[in-house]
>>> print(open('target.cif').read())   # mmCIF, C-alpha atoms
data_coords
loop_
_atom_site.label_atom_id
_atom_site.label_comp_id
_atom_site.auth_asym_id
_atom_site.auth_seq_id
_atom_site.Cartn_x
_atom_site.Cartn_y
_atom_site.Cartn_z
CA MET A 708 -20.96 6.32 -21.56
CA ARG A 709 -20.01 7.58 -18.11
CA LEU A 710 -16.72 9.47 -18.09
CA PRO A 711 -14.34 9.08 -15.13
CA SER A 712 -14.33 11.95 -12.65
CA ILE A 713 -11.42 14.33 -12.13
CA ASN A 714 -10.67 12.72 -8.75
CA THR A 715 -10.60 9.25 -10.32
CA LEU A 716 -8.22 10.41 -13.06
CA ARG A 717 -5.99 12.11 -10.49
CA ARG A 718 -6.07 8.98 -8.30
CA VAL A 719 -4.69 6.95 -11.21
CA ALA A 720 -2.55 9.51 -13.07
CA VAL A 721 -0.53 10.74 -10.10
CA PRO A 722 0.80 7.27 -9.10
CA LEU A 723 1.53 6.47 -12.76
CA ALA A 724 3.54 9.66 -13.18
CA PHE A 725 5.21 10.01 -9.79
CA GLY A 726 5.22 6.48 -8.35
CA GLY A 727 2.44 6.80 -5.75
CA ASN A 728 2.24 7.95 -2.14
CA SER A 729 4.46 6.71 0.68
CA GLU A 730 2.17 3.79 1.54
CA GLN A 731 2.00 2.65 -2.08
CA GLN A 732 5.76 2.97 -2.45
CA HIS A 733 6.27 0.85 0.65
CA THR A 734 4.07 -1.84 -0.90
CA TYR A 735 5.86 -1.69 -4.26
CA PHE A 736 9.33 -1.79 -2.73
CA ALA A 737 9.65 -5.58 -2.25
CA GLU A 738 8.60 -6.37 -5.83
CA LEU A 739 10.78 -3.72 -7.45
CA HIS A 740 13.72 -4.68 -5.25
CA ARG A 741 13.65 -8.28 -6.49
CA VAL A 742 13.06 -7.38 -10.14
CA GLY A 743 15.78 -4.73 -10.05
CA MET A 744 18.34 -7.03 -8.44
CA VAL A 745 17.80 -9.71 -11.11
CA THR A 746 17.89 -7.15 -13.93
CA GLN A 747 21.10 -5.55 -12.64
CA LEU A 748 22.81 -8.92 -12.24
CA LEU A 749 21.89 -9.84 -15.83
CA GLY A 750 23.18 -6.46 -16.99
CA ILE A 751 26.55 -7.00 -15.27
CA ILE A 752 26.82 -10.49 -16.75
CA ALA A 753 25.95 -9.22 -20.24
CA TYR A 754 28.46 -6.38 -19.95
CA SER A 755 31.22 -8.71 -18.74
CA LEU A 756 30.57 -11.21 -21.54
CA THR A 757 30.61 -8.40 -24.11
CA TRP A 758 34.00 -7.28 -22.82
CA LEU A 759 35.42 -10.81 -22.77
CA MET A 760 34.14 -11.69 -26.25
CA MET A 761 35.55 -8.64 -28.00
CA PRO A 762 38.02 -9.70 -30.76
CA GLU A 763 41.71 -9.23 -30.05
CA PRO A 764 42.36 -6.21 -32.34
CA TYR A 765 39.69 -4.14 -30.61
CA HIS A 766 40.44 -2.70 -27.18
CA PRO A 767 37.97 -0.43 -25.36
CA ASN A 768 39.13 2.46 -23.24
CA GLN A 769 40.22 0.55 -20.12
CA THR A 770 39.56 3.42 -17.73
CA HIS A 771 36.01 3.95 -19.00
CA ALA A 772 35.29 0.22 -19.06
CA VAL A 773 36.50 -0.31 -15.48
CA LEU A 774 34.65 2.77 -14.20
CA ALA A 775 31.44 1.49 -15.78
CA LEU A 776 31.85 -1.94 -14.15
CA LEU A 777 32.62 -0.39 -10.75
CA GLY A 778 29.57 1.85 -11.07
CA MET A 779 27.34 -1.16 -11.79
CA LEU A 780 28.76 -3.17 -8.89
CA THR A 781 28.45 -0.23 -6.48
CA SER A 782 24.83 0.42 -7.44
CA LEU A 783 24.08 -3.30 -7.03
CA ILE A 784 25.50 -3.31 -3.48
CA VAL A 785 23.64 -0.12 -2.54
CA ARG A 786 20.44 -1.52 -4.04
CA TYR A 787 20.80 -4.73 -2.04
CA ARG A 788 21.09 -2.78 1.23
CA CYS A 789 18.58 0.02 0.59
CA THR A 790 15.16 0.11 2.26
CA THR A 791 13.20 2.86 0.48
CA LEU A 792 11.80 3.17 -3.03
CA PRO A 793 13.43 6.56 -3.85
CA VAL A 794 16.89 5.11 -3.11
CA LEU A 795 15.94 2.02 -5.12
CA THR A 796 15.02 4.26 -8.07
CA MET A 797 18.29 6.20 -7.87
CA THR A 798 20.41 3.03 -7.71
CA GLY A 799 18.50 1.62 -10.66
CA ALA A 800 19.13 4.79 -12.64
CA CYS A 801 22.84 4.67 -11.80
CA ALA A 802 23.04 1.01 -12.82
CA VAL A 803 21.33 1.62 -16.16
CA LEU A 804 23.38 4.70 -17.00
CA THR A 805 26.72 3.11 -16.09
CA LEU A 806 25.79 0.02 -18.13
CA THR A 807 24.95 2.08 -21.21
CA PHE A 808 28.10 4.13 -20.69
CA GLY A 809 30.11 0.90 -20.63
CA LEU A 810 28.38 -0.49 -23.74
CA ARG A 811 29.01 2.77 -25.56
CA THR A 812 32.67 2.39 -24.59
CA MET A 813 32.65 -1.08 -26.18
CA ALA A 814 30.92 0.22 -29.30
CA ASP A 815 33.47 3.01 -29.70
CA ALA A 816 36.21 0.38 -29.86
CA VAL A 817 34.77 -1.17 -33.03
CA HIS A 818 33.88 0.21 -36.44
CA HIS A 819 30.39 1.54 -37.15
CA ALA A 820 29.52 2.33 -33.54
CA SER A 821 26.31 4.04 -34.68
CA PHE A 822 25.08 0.71 -36.04
CA TRP A 823 25.66 -1.16 -32.77
CA VAL A 824 24.41 1.40 -30.27
CA LEU A 825 21.01 1.71 -31.95
CA PRO A 826 19.84 -1.82 -31.06
CA VAL A 827 21.53 -1.46 -27.65
CA GLY A 828 19.51 1.68 -26.95
CA VAL A 829 16.25 0.10 -28.12
CA PHE A 830 16.88 -3.01 -26.00
CA MET A 831 17.74 -1.00 -22.89
CA THR A 832 14.70 1.25 -23.34
CA LEU A 833 12.38 -1.75 -23.35
CA ALA A 834 14.26 -3.87 -20.78
CA ILE A 835 14.14 -1.28 -17.99
CA ALA A 836 10.41 -0.54 -18.32
CA SER A 837 9.54 -2.90 -15.47
CA ILE A 838 12.07 -1.71 -12.88
CA PHE A 839 10.96 1.93 -12.60
CA ASN A 840 7.66 2.82 -10.94
CA GLY A 841 6.49 6.14 -12.30
CA GLY A 842 6.55 7.36 -15.89
CA LEU A 843 8.56 10.50 -15.18
CA SER A 844 11.48 8.66 -13.56
CA TYR A 845 11.43 6.12 -16.40
CA LEU A 846 11.50 8.83 -19.09
CA ALA A 847 14.34 10.63 -17.29
CA VAL A 848 16.45 7.45 -17.26
CA VAL A 849 15.58 6.70 -20.91
CA ALA A 850 16.77 10.20 -21.88
CA GLY A 851 20.06 9.41 -20.13
CA VAL A 852 20.28 6.06 -21.94
CA TRP A 853 19.93 7.62 -25.39
CA TRP A 854 22.34 10.43 -24.57
CA ASN A 855 24.91 7.86 -23.40
CA VAL A 856 24.66 5.65 -26.46
CA GLY A 857 23.98 8.32 -29.06
CA HIS A 858 25.90 11.52 -28.30
CA GLY A 859 28.29 12.38 -31.11
CA LEU A 860 26.89 9.71 -33.43
CA TYR A 861 23.54 11.00 -34.64
CA PRO A 862 22.17 11.98 -37.08
CA VAL A 863 23.31 8.92 -39.07
CA ASN A 864 23.59 8.99 -42.87
CA ALA A 865 22.67 12.67 -43.05
CA GLY A 866 21.10 13.54 -46.38
CA LEU A 867 20.46 9.92 -47.37
CA PRO A 868 17.00 8.28 -47.73
CA ASP A 869 17.40 6.20 -44.55
CA GLU A 870 18.35 9.18 -42.36
CA SER A 871 14.95 9.17 -40.61
CA TRP A 872 15.12 5.50 -39.55
CA ALA A 873 17.28 6.10 -36.49
CA PRO A 874 15.07 8.80 -34.88
CA LEU A 875 12.00 6.78 -35.83
CA MET A 876 13.34 3.69 -34.03
CA ILE A 877 14.26 5.79 -31.01
CA ALA A 878 10.82 7.40 -30.82
CA VAL A 879 8.96 4.10 -31.29
CA SER A 880 11.07 2.30 -28.67
CA VAL A 881 10.49 5.10 -26.15
CA LEU A 882 6.72 5.01 -26.77
CA PHE A 883 6.60 1.21 -26.46
CA GLY A 884 8.75 1.38 -23.34
CA LEU A 885 6.50 4.01 -21.79
CA ALA A 886 3.45 1.87 -22.59
CA LEU A 887 5.12 -1.10 -20.88
CA ASN A 888 6.07 1.04 -17.89
CA VAL A 889 2.51 2.33 -17.53
CA SER A 890 1.16 -1.23 -17.84
CA PHE A 891 3.44 -2.50 -15.07
CA SER A 892 2.60 0.50 -12.90
CA LEU A 893 -1.13 -0.05 -13.46
CA LEU A 894 -0.79 -3.69 -12.40
CA ARG A 895 1.01 -2.62 -9.21
CA LEU A 896 -1.64 0.04 -8.54
CA ARG A 897 -4.50 -2.43 -9.05
CA ASN A 898 -2.79 -4.99 -6.83
CA TYR A 899 -2.31 -2.32 -4.17
CA HIS A 900 -5.98 -1.29 -4.22
CA SER A 901 -7.04 -4.96 -4.18
CA LYS A 902 -4.85 -5.55 -1.14
CA VAL A 903 -6.29 -2.50 0.62
CA GLU A 904 -9.83 -3.68 -0.13
CA LEU A 905 -9.11 -7.22 1.07
CA THR A 906 -7.63 -5.81 4.28
CA ARG A 907 -10.71 -3.67 4.77
CA LEU A 908 -13.01 -6.67 4.22
CA ALA A 909 -10.94 -8.78 6.60
CA PHE A 910 -10.90 -6.27 9.47
CA GLN A 911 -13.88 -3.95 8.96
CA ASP A 912 -17.55 -4.73 9.50
CA GLY A 913 -19.24 -4.50 6.12
CA LEU A 914 -22.51 -3.02 7.39
CA THR A 915 -21.49 -0.46 9.99
CA GLY A 916 -17.92 0.37 8.95
CA LEU A 917 -16.61 -0.26 12.46
CA ASN A 918 -13.82 -2.69 13.31
CA ASN A 919 -15.10 -6.23 13.07
CA ARG A 920 -14.70 -8.75 15.91
CA ARG A 921 -11.31 -9.98 14.66
CA MET A 922 -9.79 -6.51 14.40
CA PHE A 923 -11.37 -5.34 17.66
CA THR A 924 -10.08 -8.35 19.59
CA GLN A 925 -6.61 -8.08 18.04
CA ARG A 926 -6.24 -4.42 18.98
CA ALA A 927 -7.78 -4.98 22.43
CA GLN A 928 -5.20 -7.70 23.09
CA GLN A 929 -2.41 -5.32 22.08
CA MET A 930 -3.71 -2.66 24.45
CA HIS A 931 -4.26 -5.23 27.20
CA GLY A 932 -0.70 -6.52 26.81
CA ALA A 933 0.96 -3.08 26.86
CA PRO A 934 3.16 -3.13 30.00
CA HIS A 935 2.94 0.56 30.88
CA GLY A 936 -0.57 1.46 29.76
CA GLY A 937 -3.12 3.27 31.92
CA MET A 938 -6.45 1.97 33.17
CA LEU A 939 -8.65 0.33 30.54
CA TYR A 940 -12.31 -0.64 30.66
CA PHE A 941 -14.23 -2.92 28.34
CA LEU A 942 -17.81 -1.95 27.49
CA MET A 943 -20.08 -4.61 26.03
CA ILE A 944 -23.05 -2.92 24.34
CA ASP A 945 -26.27 -4.62 23.24
CA ILE A 946 -29.28 -3.09 21.46
CA ASP A 947 -32.37 -3.78 23.55
CA ASP A 948 -35.15 -5.89 22.00
CA PHE A 949 -33.42 -5.98 18.63
CA LYS A 950 -35.16 -9.22 17.65
CA VAL A 951 -38.52 -7.48 18.10
CA ILE A 952 -37.39 -4.70 15.74
CA ASN A 953 -36.37 -7.27 13.12
CA ASP A 954 -39.57 -9.29 13.49
CA GLN A 955 -41.98 -6.37 13.47
CA GLN A 956 -40.30 -3.94 11.06
CA GLY A 957 -38.13 -6.19 8.91
CA HIS A 958 -34.42 -6.70 8.50
CA ASP A 959 -33.92 -3.49 6.53
CA ALA A 960 -35.17 -1.50 9.50
CA GLY A 961 -32.95 -3.62 11.76
CA ASP A 962 -29.94 -2.84 9.59
CA GLU A 963 -30.73 0.86 9.75
CA VAL A 964 -30.85 0.68 13.55
CA LEU A 965 -27.47 -1.10 13.57
CA VAL A 966 -25.90 1.49 11.29
CA ARG A 967 -27.24 4.48 13.25
CA THR A 968 -26.29 2.94 16.59
CA ALA A 969 -22.79 2.23 15.30
CA ALA A 970 -22.46 5.84 14.11
CA ILE A 971 -23.44 7.13 17.56
CA ILE A 972 -20.95 4.80 19.28
CA ALA A 973 -18.18 5.81 16.88
CA ASP A 974 -18.95 9.50 17.42
CA LYS A 975 -18.96 9.28 21.22
CA ALA A 976 -15.98 6.90 21.39
CA GLN A 977 -13.62 9.03 19.33
CA GLY A 978 -10.07 8.28 20.45
CA HIS A 979 -11.10 4.94 21.94
CA LEU A 980 -11.22 1.51 20.30
CA CYS A 981 -14.71 0.45 19.19
CA GLY A 982 -16.15 -2.28 17.00
CA ARG A 983 -19.04 -4.56 16.19
CA LEU A 984 -18.72 -7.91 17.94
CA GLY A 985 -21.53 -9.60 16.02
CA GLY A 986 -25.29 -9.32 15.60
CA GLU A 987 -26.52 -6.40 17.71
CA GLU A 988 -23.48 -6.41 20.03
CA PHE A 989 -20.79 -3.74 20.04
CA GLY A 990 -17.67 -3.24 22.10
CA VAL A 991 -15.57 -0.30 23.29
CA VAL A 992 -12.22 -0.32 25.06
CA TYR A 993 -12.16 2.91 27.06
CA ALA A 994 -8.89 4.39 28.33
CA GLY A 995 -9.55 6.26 31.56
CA ASP A 996 -10.43 5.92 35.24
CA ARG A 997 -13.64 4.56 36.77
CA GLU A 998 -15.41 7.92 36.99
CA ALA A 999 -14.56 8.77 33.38
CA VAL A 1000 -15.88 5.45 32.07
CA ARG A 1001 -19.01 5.85 34.19
CA ALA A 1002 -19.70 9.23 32.58
CA PHE A 1003 -18.93 7.83 29.12
CA ALA A 1004 -21.29 4.86 29.53
CA GLY A 1005 -24.08 7.19 30.73
CA THR A 1006 -23.52 9.52 27.77
CA LEU A 1007 -23.61 6.58 25.38
CA VAL A 1008 -26.90 5.21 26.74
CA GLU A 1009 -28.52 8.65 26.60
CA ALA A 1010 -27.20 9.44 23.10
CA VAL A 1011 -28.67 6.26 21.61
CA SER A 1012 -32.07 6.71 23.26
CA GLN A 1013 -32.19 10.35 22.11
CA GLY A 1014 -30.94 9.55 18.62
CA PHE A 1015 -34.00 7.53 17.61
CA LEU A 1016 -36.83 9.46 19.27
CA ALA A 1017 -38.07 11.05 16.04
CA ALA A 1018 -38.90 7.68 14.45
CA GLN A 1019 -39.02 5.06 17.21
CA PHE A 1020 -37.59 4.25 20.61
CA VAL A 1021 -34.30 2.37 20.56
CA SER A 1022 -32.11 1.83 23.60
CA ILE A 1023 -28.96 -0.01 24.58
CA SER A 1024 -27.73 -1.80 27.64
CA VAL A 1025 -24.07 -1.64 28.60
CA GLY A 1026 -21.93 -3.87 30.77
CA VAL A 1027 -18.61 -2.41 31.93
CA ALA A 1028 -15.58 -4.25 33.35
CA GLU A 1029 -12.00 -3.22 33.99
CA LEU A 1030 -9.43 -4.90 31.75
CA ASP A 1031 -7.31 -6.68 34.35
CA ARG A 1032 -3.77 -6.97 32.94
CA GLY A 1033 -3.02 -9.72 35.44
CA LYS A 1034 -5.59 -12.01 33.80
CA ASP A 1035 -6.44 -12.99 30.26
CA LEU A 1036 -8.71 -10.84 28.12
CA GLY A 1037 -11.50 -13.41 28.25
CA HIS A 1038 -11.87 -12.88 31.98
CA SER A 1039 -12.73 -9.20 31.50
CA TYR A 1040 -15.09 -10.09 28.64
CA ARG A 1041 -16.98 -12.47 30.93
CA LEU A 1042 -17.28 -9.83 33.67
CA ALA A 1043 -18.60 -7.27 31.15
CA ASP A 1044 -21.05 -9.85 29.80
CA GLU A 1045 -22.35 -10.55 33.32
CA ALA A 1046 -22.72 -6.80 33.93
CA LEU A 1047 -24.62 -6.49 30.64
CA TYR A 1048 -26.94 -9.32 31.65
CA LEU A 1049 -27.59 -7.53 34.95
CA ALA A 1050 -28.39 -4.28 33.11
CA LYS A 1051 -30.95 -6.20 31.05
CA ARG A 1052 -32.56 -7.67 34.17
CA GLN A 1053 -32.75 -4.25 35.83
CA GLY A 1054 -34.89 -2.86 33.01
CA LYS A 1055 -32.56 -2.17 30.06
CA ASN A 1056 -31.60 1.30 28.73
CA ARG A 1057 -28.87 1.55 31.36
CA TYR A 1058 -25.30 0.56 32.21
CA VAL A 1059 -23.84 -1.55 34.98
CA ILE A 1060 -20.20 -1.56 36.08
CA ALA A 1061 -18.87 -4.88 37.33
#
>>> encode(input="target.cif", output="structure tokens")
Amino acid sequence: MRLPSINTLRRVAVPLAFGGNSEQQHTYFAELHRVGMVTQLLGIIAYSLTWLMMPEPYHPNQTHAVLALLGMLTSLIVRYRCTTLPVLTMTGACAVLTLTFGLRTMADAVHHASFWVLPVGVFMTLAIASIFNGGLSYLAVVAGVWWNVGHGLYPVNAGLPDESWAPLMIAVSVLFGLALNVSFSLLRLRNYHSKVELTRLAFQDGLTGLNNRRMFTQRAQQMHGAPHGGMLYFLMIDIDDFKVINDQQGHDAGDEVLVRTAAIIADKAQGHLCGRLGGEEFGVVYAGDREAVRAFAGTLVEAVSQGFLAAQFVSISVGVAELDRGKDLGHSYRLADEALYLAKRQGKNRYVIA
């Protein structure tokens, strides 16, 4: 059986313990915000009903009871308005701790408080497992829950045979709660990685790793529409005689040529948008003036022809056109395509600027 690597364990364990990196936390925020809001509202309703349903002879400490309710309402308002996961976690902790403080206040008003706070603590330990992302934050809040409901009451029935039941129930509830918390966190982590992978598949070319046509066009449109951007040029790149390579050497060899050509383009176009447009066609949006793009296109043509000399001769043709912000993007694409066609007619392995 193959054991997971240290990096894999760290990749999973760190988010489970600490709640993940900033990007993961941003993804989790919406889900935890909704779940937390519903849970806090139910907690306020349960607390209010408990207070209202207390029999007439029993009166909780009014100051403590009101403070607990105000704390819950304040944390609910802050939670509703917050925008980051750390603040969400802190408001959730405040809500849980003020609720357990209020329930302990109610329990103190009746006889046998130790009997009532035990199920309250177990319930709270399990109920809050889903609203905290990260085992450490969950365990910290759980410690506060049990201190709130249990300080001054335990151990119960000291010296009697059932003395160990209370700590046993506490320990078991904490372990079950932690297992639930880890399960929820794992689901969020898997959903996050699935979303990242789907995004990659949607916007990245599966063979070369470059931006696919959709992503390239989307980003080119954003750059084209920027009102105060500098000069931009579109380079349409085509591998010369690619069909011959596929027919004579097979598709595996053709794929290798595509991958190596893409790597050369990506290396030379660092800092500039590049992508695979389909088949053996690639595109680059170059930010710079006419002389700079001329030098870049020449470097690109030479780099590809030099990059394959050891095994075979592979070349590219490049058509270059300025991205005219006064016209739609398709106009510049057509000009670059015409320039590419001209480069092919002039003998290939060269560039032409429209």
>>> residues_around(input="target.cif", residues="stretch 793-800 of chain A", least_positions_apart="6", cutoff="7 Å", atoms="only C-alpha atoms", output="count of residues only")
6
>>> closest_residue(input="target.cif", among="A:Ala1028, A:Leu810, A:Met779, A:Leu825", to="A:Tyr1040", atoms="all atoms listed in the file")
A:Ala1028
>>> closest_residue(input="target.cif", among="A:Leu1042, A:Ile1060, A:Ala960, A:Leu887", to="A:Phe1003", atoms="all atoms listed in the file")
A:Ile1060
>>> resolve_selection(input="target.cif", expression="the PyMOL selection byres ((chain A and resi 897-910) around 7)", output="compact mmCIF listing (two decimals) with C-alpha atoms, in the frame of the given file")
# COMPACT_ATOMS: atom_id res chain seq x y z
CA GLN A 731 2.00 2.65 -2.08
CA LEU A 893 -1.13 -0.05 -13.46
CA LEU A 894 -0.79 -3.69 -12.40
CA ARG A 895 1.01 -2.62 -9.21
CA LEU A 896 -1.64 0.04 -8.54
CA GLN A 911 -13.88 -3.95 8.96
CA ASP A 912 -17.55 -4.73 9.50
CA GLY A 913 -19.24 -4.50 6.12
CA ASN A 918 -13.82 -2.69 13.31
CA ASN A 919 -15.10 -6.23 13.07
CA ARG A 921 -11.31 -9.98 14.66
CA MET A 922 -9.79 -6.51 14.40
>>> atom_distance(input="target.cif", atom1="atom CA of A:Glu1045", atom2="atom CA of A:Val1027")
9.1 Å
>>> closest_residue(input="target.cif", among="A:Val992, A:Leu783, A:Thr734, A:Leu885", to="A:Gln925", atoms="all atoms listed in the file")
A:Val992
>>> resolve_selection(input="target.cif", expression="the PyMOL selection byres ((chain A and resi 1019) around 12)", output="ChimeraX atom specification")
/A:952,956,960-961,963-964,1011-1018,1020-1022
>>> decode(input="target.cif", residues="stretch 747-762 of chain A", atoms="N, CA, C and O atoms", output="PDB file, in the first residue's frame")
ATOM      1  N   GLN A 747     -27.071  30.584  14.797  1.00  0.00           N
ATOM      2  CA  GLN A 747     -27.189  31.606  15.834  1.00  0.00           C
ATOM      3  C   GLN A 747     -28.648  32.012  16.063  1.00  0.00           C
ATOM      4  O   GLN A 747     -29.066  32.222  17.212  1.00  0.00           O
ATOM      5  N   LEU A 748     -29.408  32.139  15.008  1.00  0.00           N
ATOM      6  CA  LEU A 748     -30.827  32.470  15.162  1.00  0.00           C
ATOM      7  C   LEU A 748     -31.554  31.391  15.963  1.00  0.00           C
ATOM      8  O   LEU A 748     -32.355  31.703  16.862  1.00  0.00           O
ATOM      9  N   LEU A 749     -31.280  30.125  15.651  1.00  0.00           N
ATOM     10  CA  LEU A 749     -31.903  29.024  16.404  1.00  0.00           C
ATOM     11  C   LEU A 749     -31.469  29.055  17.865  1.00  0.00           C
ATOM     12  O   LEU A 749     -32.276  28.768  18.768  1.00  0.00           O
ATOM     13  N   GLY A 750     -30.199  29.408  18.106  1.00  0.00           N
ATOM     14  CA  GLY A 750     -29.717  29.492  19.479  1.00  0.00           C
ATOM     15  C   GLY A 750     -30.422  30.590  20.261  1.00  0.00           C
ATOM     16  O   GLY A 750     -30.799  30.395  21.433  1.00  0.00           O
ATOM     17  N   ILE A 751     -30.633  31.742  19.639  1.00  0.00           N
ATOM     18  CA  ILE A 751     -31.341  32.845  20.301  1.00  0.00           C
ATOM     19  C   ILE A 751     -32.785  32.459  20.595  1.00  0.00           C
ATOM     20  O   ILE A 751     -33.315  32.745  21.681  1.00  0.00           O
ATOM     21  N   ILE A 752     -33.420  31.796  19.616  1.00  0.00           N
ATOM     22  CA  ILE A 752     -34.809  31.357  19.823  1.00  0.00           C
ATOM     23  C   ILE A 752     -34.884  30.351  20.961  1.00  0.00           C
ATOM     24  O   ILE A 752     -35.757  30.434  21.843  1.00  0.00           O
ATOM     25  N   ALA A 753     -33.965  29.377  20.985  1.00  0.00           N
ATOM     26  CA  ALA A 753     -33.968  28.363  22.034  1.00  0.00           C
ATOM     27  C   ALA A 753     -33.733  28.990  23.407  1.00  0.00           C
ATOM     28  O   ALA A 753     -34.394  28.640  24.396  1.00  0.00           O
ATOM     29  N   TYR A 754     -32.809  29.949  23.464  1.00  0.00           N
ATOM     30  CA  TYR A 754     -32.517  30.618  24.726  1.00  0.00           C
ATOM     31  C   TYR A 754     -33.736  31.401  25.210  1.00  0.00           C
ATOM     32  O   TYR A 754     -34.110  31.338  26.399  1.00  0.00           O
ATOM     33  N   SER A 755     -34.372  32.125  24.306  1.00  0.00           N
ATOM     34  CA  SER A 755     -35.542  32.927  24.676  1.00  0.00           C
ATOM     35  C   SER A 755     -36.689  32.044  25.162  1.00  0.00           C
ATOM     36  O   SER A 755     -37.371  32.358  26.157  1.00  0.00           O
ATOM     37  N   LEU A 756     -36.913  30.924  24.474  1.00  0.00           N
ATOM     38  CA  LEU A 756     -37.979  30.001  24.894  1.00  0.00           C
ATOM     39  C   LEU A 756     -37.667  29.394  26.254  1.00  0.00           C
ATOM     40  O   LEU A 756     -38.571  29.221  27.089  1.00  0.00           O
ATOM     41  N   THR A 757     -36.399  29.059  26.478  1.00  0.00           N
ATOM     42  CA  THR A 757     -36.007  28.517  27.790  1.00  0.00           C
ATOM     43  C   THR A 757     -36.324  29.511  28.900  1.00  0.00           C
ATOM     44  O   THR A 757     -36.853  29.149  29.963  1.00  0.00           O
ATOM     45  N   TRP A 758     -36.013  30.762  28.657  1.00  0.00           N
ATOM     46  CA  TRP A 758     -36.268  31.816  29.642  1.00  0.00           C
ATOM     47  C   TRP A 758     -37.772  31.979  29.884  1.00  0.00           C
ATOM     48  O   TRP A 758     -38.237  32.038  31.025  1.00  0.00           O
ATOM     49  N   LEU A 759     -38.534  32.006  28.801  1.00  0.00           N
ATOM     50  CA  LEU A 759     -39.984  32.209  28.929  1.00  0.00           C
ATOM     51  C   LEU A 759     -40.688  31.028  29.593  1.00  0.00           C
ATOM     52  O   LEU A 759     -41.696  31.211  30.289  1.00  0.00           O
ATOM     53  N   MET A 760     -40.165  29.835  29.403  1.00  0.00           N
ATOM     54  CA  MET A 760     -40.845  28.634  29.896  1.00  0.00           C
ATOM     55  C   MET A 760     -40.414  28.239  31.304  1.00  0.00           C
ATOM     56  O   MET A 760     -40.915  27.254  31.849  1.00  0.00           O
ATOM     57  N   MET A 761     -39.527  29.019  31.898  1.00  0.00           N
ATOM     58  CA  MET A 761     -39.110  28.671  33.263  1.00  0.00           C
ATOM     59  C   MET A 761     -40.285  28.852  34.229  1.00  0.00           C
ATOM     60  O   MET A 761     -41.004  29.859  34.171  1.00  0.00           O
ATOM     61  N   PRO A 762     -40.516  27.883  35.121  1.00  0.00           N
ATOM     62  CA  PRO A 762     -41.635  27.988  36.083  1.00  0.00           C
ATOM     63  C   PRO A 762     -41.512  29.235  36.960  1.00  0.00           C
ATOM     64  O   PRO A 762     -40.412  29.751  37.180  1.00  0.00           O
TER      65      PRO A 762
END
